[in-house]
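Encoded as structure tokens, the structure appears first; notes follow it.
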Amino acid sequence: NSFNLCLSEYFLDSSSSCMDGNQTLSPTEDNISLSVQMGTKAVLCCPHIPPTSVLILTTWKIHLRDKPLCIMSLHGETNQTGNNNCTDGRISWASRPDQNLELQIHPVSISHEGDYRCEMGATDGNFEHTYHLQVLVPPEVTLSLEKNRTVECKAIAGRPAAQIFWAPEGDCVTGKEYQDNGTVTTRSRCHYPDGNLSTVTCLVSHPTGNRSQSIDLLPGYLFHLSRKCKLKKPEATTVVEEDEMQPYASYTEKNNPLYDTVNKVEIPQVSQSEVDGTGLHTL
């Protein structure tokens with residue numbers, strides 16, 4: 001992906017644009033706030049000068065955080081280039097500076113956030129463009145189901161911080177964690193006590209694009225209930241019956257899975273006196 005400001009329809013004011021190549025600017029200074037996604041290529045252009053004007057000197061002045069001023073220049077009469085304190089190889093002329101004065105940043109990283117100014121000295125005056133470059137980092141979005149119908153949504157390492165919304169809204173707590181590299185992780189945890197609610201959606205809003213993820217609250221709960229309510233497979237049971245013709249004997253029925261027949265096993269009947277130990281023996 002690339003972002004070429006010189007080819008986009010970004011109008012500086014109602015009367016001029018430095019990107020379309022058809023209009024020229026009056027001697028002035030223009031400030032442009034520019035947001036570029038990390039990992040892409042950005043191309044910045046200098047203002048157009050009148051075709052009758054002679055270019056004397058073009059200078060890019062780059063102010064980055066915690067770094068010395070970087071100056072890249074081109075002398076119009078000699079086509080000689082200069083470089084002062086510009087050590088980042090990802091910042092360079094887009095092509096031959098004697099043919100194209102555009103500045104290229106590829107790939108864009110967080111360290112490239114800062115101010116980029118093109119100053120052009122010509123016989124008709126001075127022309128300037130200043131870009132305030134902000135680097136955007138898309139967050140990684142995760143959604144997880146926790147205990148007691150609580151859901152956590154995270155927008156990890158975004159720049160700037162992402163915003164999190166819920167559908168439907170619940171009992172939510174949202175916070176931010178700031179990292180040393182300038183990215184921010186946004187966390188939001190929501191509790192949904194309504195047992196009839198089946199699905200919730202986390203909505204993440206960010207300048208790099210909006211994202212959404214949904215999660216089902218019920219499957220784990222229903223699965224737990226189904227395990228508790230599942231009937232066990234019936235096992236063979238023992239049935240004791242009394243034969244009406246023989247009061248002193250009983251029979252046991254056993255299912256034979258091989259022949260599907262009923263076998264009767266005779267069990268001797270024990271008298272109550274033998275059970276109690278009070279039986280008398282007659283000599």
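Here's how to read the names in the structure tokens: chain A, B, ... by the order shown, residue numbers from 1 in each chain, ligand numbers from 1 in the order shown.
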Inset, instruction - Could you give me the residues within stretch 113-232 of chain A that DSSP places in helix (DSSP H, G or I), as a PyMOL selection string? - result: chain A and resi 147-149+219-229
Saved selection, atoms kept: N, CA, C and O atoms, as an mmCIF file, in the first residue's frame:
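Generated file (again_21.cif):
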data_model
loop_
_atom_site.group_PDB
_atom_site.id
_atom_site.type_symbol
_atom_site.label_atom_id
_atom_site.label_comp_id
_atom_site.auth_asym_id
_atom_site.auth_seq_id
_atom_site.Cartn_x
_atom_site.Cartn_y
_atom_site.Cartn_z
ATOM 1 N N LYS A 147 -15.967 -16.271 32.730
ATOM 2 C CA LYS A 147 -16.954 -16.885 33.612
ATOM 3 C C LYS A 147 -18.103 -15.919 33.896
ATOM 4 O O LYS A 147 -17.969 -14.706 33.774
ATOM 5 N N ASN A 148 -19.209 -16.505 34.310
ATOM 6 C CA ASN A 148 -20.382 -15.742 34.778
ATOM 7 C C ASN A 148 -20.887 -14.764 33.717
ATOM 8 O O ASN A 148 -21.220 -13.621 34.020
ATOM 9 N N ARG A 149 -20.881 -15.217 32.457
ATOM 10 C CA ARG A 149 -21.420 -14.419 31.347
ATOM 11 C C ARG A 149 -20.741 -13.049 31.246
ATOM 12 O O ARG A 149 -21.380 -12.025 31.032
ATOM 13 N N PRO A 219 -23.827 -21.251 24.059
ATOM 14 C CA PRO A 219 -23.430 -22.628 23.794
ATOM 15 C C PRO A 219 -22.811 -23.345 24.964
ATOM 16 O O PRO A 219 -23.184 -24.461 25.287
ATOM 17 N N GLY A 220 -21.872 -22.711 25.658
ATOM 18 C CA GLY A 220 -21.242 -23.369 26.793
ATOM 19 C C GLY A 220 -22.228 -23.657 27.903
ATOM 20 O O GLY A 220 -22.205 -24.701 28.553
ATOM 21 N N TYR A 221 -23.157 -22.731 28.126
ATOM 22 C CA TYR A 221 -24.155 -22.900 29.176
ATOM 23 C C TYR A 221 -25.105 -24.039 28.843
ATOM 24 O O TYR A 221 -25.408 -24.892 29.670
ATOM 25 N N LEU A 222 -25.571 -24.083 27.583
ATOM 26 C CA LEU A 222 -26.486 -25.142 27.186
ATOM 27 C C LEU A 222 -25.785 -26.491 27.164
ATOM 28 O O LEU A 222 -26.372 -27.515 27.506
ATOM 29 N N PHE A 223 -24.526 -26.509 26.761
ATOM 30 C CA PHE A 223 -23.785 -27.760 26.739
ATOM 31 C C PHE A 223 -23.639 -28.315 28.146
ATOM 32 O O PHE A 223 -23.735 -29.520 28.380
ATOM 33 N N HIS A 224 -23.416 -27.416 29.093
ATOM 34 C CA HIS A 224 -23.297 -27.841 30.488
ATOM 35 C C HIS A 224 -24.617 -28.451 30.976
ATOM 36 O O HIS A 224 -24.634 -29.470 31.644
ATOM 37 N N LEU A 225 -25.719 -27.822 30.619
ATOM 38 C CA LEU A 225 -27.017 -28.358 31.016
ATOM 39 C C LEU A 225 -27.296 -29.685 30.340
ATOM 40 O O LEU A 225 -27.836 -30.604 30.949
ATOM 41 N N SER A 226 -26.930 -29.809 29.068
ATOM 42 C CA SER A 226 -27.211 -31.043 28.357
ATOM 43 C C SER A 226 -26.448 -32.209 28.940
ATOM 44 O O SER A 226 -26.937 -33.334 28.958
ATOM 45 N N ARG A 227 -25.266 -31.949 29.458
ATOM 46 C CA ARG A 227 -24.492 -33.023 30.087
ATOM 47 C C ARG A 227 -25.141 -33.459 31.389
ATOM 48 O O ARG A 227 -25.144 -34.639 31.738
ATOM 49 N N LYS A 228 -25.704 -32.510 32.120
ATOM 50 C CA LYS A 228 -26.342 -32.849 33.379
ATOM 51 C C LYS A 228 -27.667 -33.563 33.151
ATOM 52 O O LYS A 228 -28.053 -34.438 33.932
ATOM 53 N N CYS A 229 -28.369 -33.211 32.102
ATOM 54 C CA CYS A 229 -29.687 -33.754 31.860
ATOM 55 C C CYS A 229 -29.671 -34.993 30.979
ATOM 56 O O CYS A 229 -30.717 -35.597 30.752
#
Inset, instruction - Using only C-alpha atoms, find the one residue out of A:Val204, A:Leu143, A:Ile105, A:Ile91 that sits nearest to A:Cys70. - result: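 Answer, going by the shortest atom-to-atom distance: A:Ile91.
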Counting only C-alpha atoms, which residues in stretch 88-127 of chain A sit no more than 12 Å from stretch 151-164 of chain A? For each one, give the nearest pair of atoms and the distance in Å, sorted by chain then residue number, as a tab-separated table.
residue	atom	partner	partner_atom	distance
A:Ser109	CA	A:Arg159	CA	11.4
A:Ile110	CA	A:Arg159	CA	9.0
A:Glu113	CA	A:Arg159	CA	11.5
Inset, instruction - Can you pull out every residue within 7 Å of A:Thr199, counting only C-alpha atoms, but drop anything in the same chain fewer than 4 positions away, and send it as a list in words? - result: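 My reading of the contact set: Ser214, Ile215, Asp216 and Leu217 of chain A.
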Can you tell me, as a PDB file with N, CA, C and O atoms, in the first residue's frame, what residues are no more than 8 Å from A:Thr123 when counting only C-alpha atoms, ignoring any on the same chain fewer than 4 positions away?
ATOM      1  N   SER A  53       8.937  30.920 -13.467  1.00  0.00           N
ATOM      2  CA  SER A  53       9.886  31.139 -12.370  1.00  0.00           C
ATOM      3  C   SER A  53      11.052  30.161 -12.473  1.00  0.00           C
ATOM      4  O   SER A  53      10.900  29.020 -12.925  1.00  0.00           O
ATOM      5  N   VAL A  54      12.201  30.624 -12.039  1.00  0.00           N
ATOM      6  CA  VAL A  54      13.414  29.799 -12.048  1.00  0.00           C
ATOM      7  C   VAL A  54      13.690  29.331 -10.620  1.00  0.00           C
ATOM      8  O   VAL A  54      13.772  30.151  -9.693  1.00  0.00           O
ATOM      9  N   LEU A  55      13.808  28.011 -10.454  1.00  0.00           N
ATOM     10  CA  LEU A  55      14.051  27.436  -9.134  1.00  0.00           C
ATOM     11  C   LEU A  55      15.519  27.563  -8.768  1.00  0.00           C
ATOM     12  O   LEU A  55      16.415  27.166  -9.532  1.00  0.00           O
ATOM     13  N   ILE A  56      15.753  28.140  -7.603  1.00  0.00           N
ATOM     14  CA  ILE A  56      17.132  28.356  -7.162  1.00  0.00           C
ATOM     15  C   ILE A  56      17.561  27.284  -6.159  1.00  0.00           C
ATOM     16  O   ILE A  56      18.602  26.656  -6.307  1.00  0.00           O
TER      17      ILE A  56
END
Legend entry - strand (DSSP E) per DSSP on the backbone: members of stretch 54-199 of chain A, as a PyMOL selection string: chain A and resi 55-64+70-75+80-84+91-93+103-105+114-122+125-136+140-145+150-158+163-167+171-178+184-191+199
Inset, instruction - Name the residues in contact with A:Arg90 at a cut-off of 9 Å, using only C-alpha atoms, excluding same-chain residues fewer than 4 positions from it; report them as a ChimeraX atom specification. - result: /A:104-108
Inset, instruction - For atom CA of A:Trp60 and atom CA of A:Glu77, quote the distance in Å rounded to one decimal. - result: 17.2 Å
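Closest approach to A:Ala42 from the set A:Leu103, A:Val200, A:Ile71, A:Ala122 is made by A:Leu103, with distances taken over only C-alpha atoms.
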Legend entry - For A:Glu169: contacts at 10 Å, only C-alpha atoms, fewer than 4 positions along chain excluded, given as a PyMOL selection string: chain A and resi 165+190-192+200-202
Would you save the residues from that selection as a compact mmCIF listing (two decimals), in the first residue's frame, using N, CA and C atoms?
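Produced file selection-v3.txt, reproduced below:
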# COMPACT_ATOMS: atom_id res chain seq x y z
N PHE A 165 -17.21 -0.12 21.66
CA PHE A 165 -18.63 -0.04 21.95
C PHE A 165 -19.21 -1.45 21.94
N CYS A 190 -17.49 -6.64 29.89
CA CYS A 190 -18.92 -6.44 30.10
C CYS A 190 -19.54 -7.68 30.69
N HIS A 191 -20.46 -7.46 31.62
CA HIS A 191 -21.21 -8.55 32.25
C HIS A 191 -22.66 -8.49 31.77
N TYR A 192 -23.19 -9.66 31.41
CA TYR A 192 -24.56 -9.75 30.90
C TYR A 192 -25.33 -10.75 31.76
N VAL A 200 -23.55 -11.22 21.82
CA VAL A 200 -23.14 -9.83 21.99
C VAL A 200 -22.06 -9.53 20.96
N THR A 201 -21.93 -8.25 20.62
CA THR A 201 -20.99 -7.81 19.60
C THR A 201 -20.11 -6.69 20.13
N CYS A 202 -18.80 -6.82 19.90
CA CYS A 202 -17.84 -5.77 20.25
C CYS A 202 -17.54 -4.96 19.00
Legend entry - Shortest interatomic distance to A:Gly82 - which of A:Leu133, A:Val43, A:Leu57, A:Leu64, counting only C-alpha atoms: A:Leu57
Inset, instruction - Tell me, as JSON, numbers by chain, which residues lie within 8 Å of stretch 207-211 of chain A, counting only C-alpha atoms; anything in the same chain fewer than 6 positions away does not count. - result: {"A": [37, 136, 137, 138, 141]}
Just-selected residues, N, CA, C and O atoms written as a short mmCIF file (atom, residue, chain, number, x, y, z; two decimals), in the first residue's frame:
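For reference, selection-v4.cif as written:
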data_model
loop_
_atom_site.label_atom_id
_atom_site.label_comp_id
_atom_site.auth_asym_id
_atom_site.auth_seq_id
_atom_site.Cartn_x
_atom_site.Cartn_y
_atom_site.Cartn_z
N GLN A 37 -0.84 5.25 7.54
CA GLN A 37 -0.81 3.98 8.26
C GLN A 37 0.60 3.39 8.25
O GLN A 37 1.30 3.43 7.24
N LEU A 136 -0.44 6.07 11.96
CA LEU A 136 -1.54 5.27 12.50
C LEU A 136 -1.14 3.80 12.55
O LEU A 136 -0.54 3.28 11.61
N VAL A 137 -1.50 3.15 13.66
CA VAL A 137 -1.24 1.72 13.81
C VAL A 137 -2.57 1.02 14.07
O VAL A 137 -3.23 1.30 15.07
N PRO A 138 -2.99 0.13 13.18
CA PRO A 138 -4.27 -0.57 13.41
C PRO A 138 -4.14 -1.53 14.57
O PRO A 138 -3.15 -2.26 14.67
N VAL A 141 -7.69 -6.93 17.30
CA VAL A 141 -8.93 -7.05 18.07
C VAL A 141 -9.15 -8.50 18.49
O VAL A 141 -9.06 -9.42 17.66
#
Legend entry - Nearest to A:Asp88, chosen from A:Arg117, A:His112, A:His75, A:His48, with only C-alpha atoms counted in the distances: A:His112
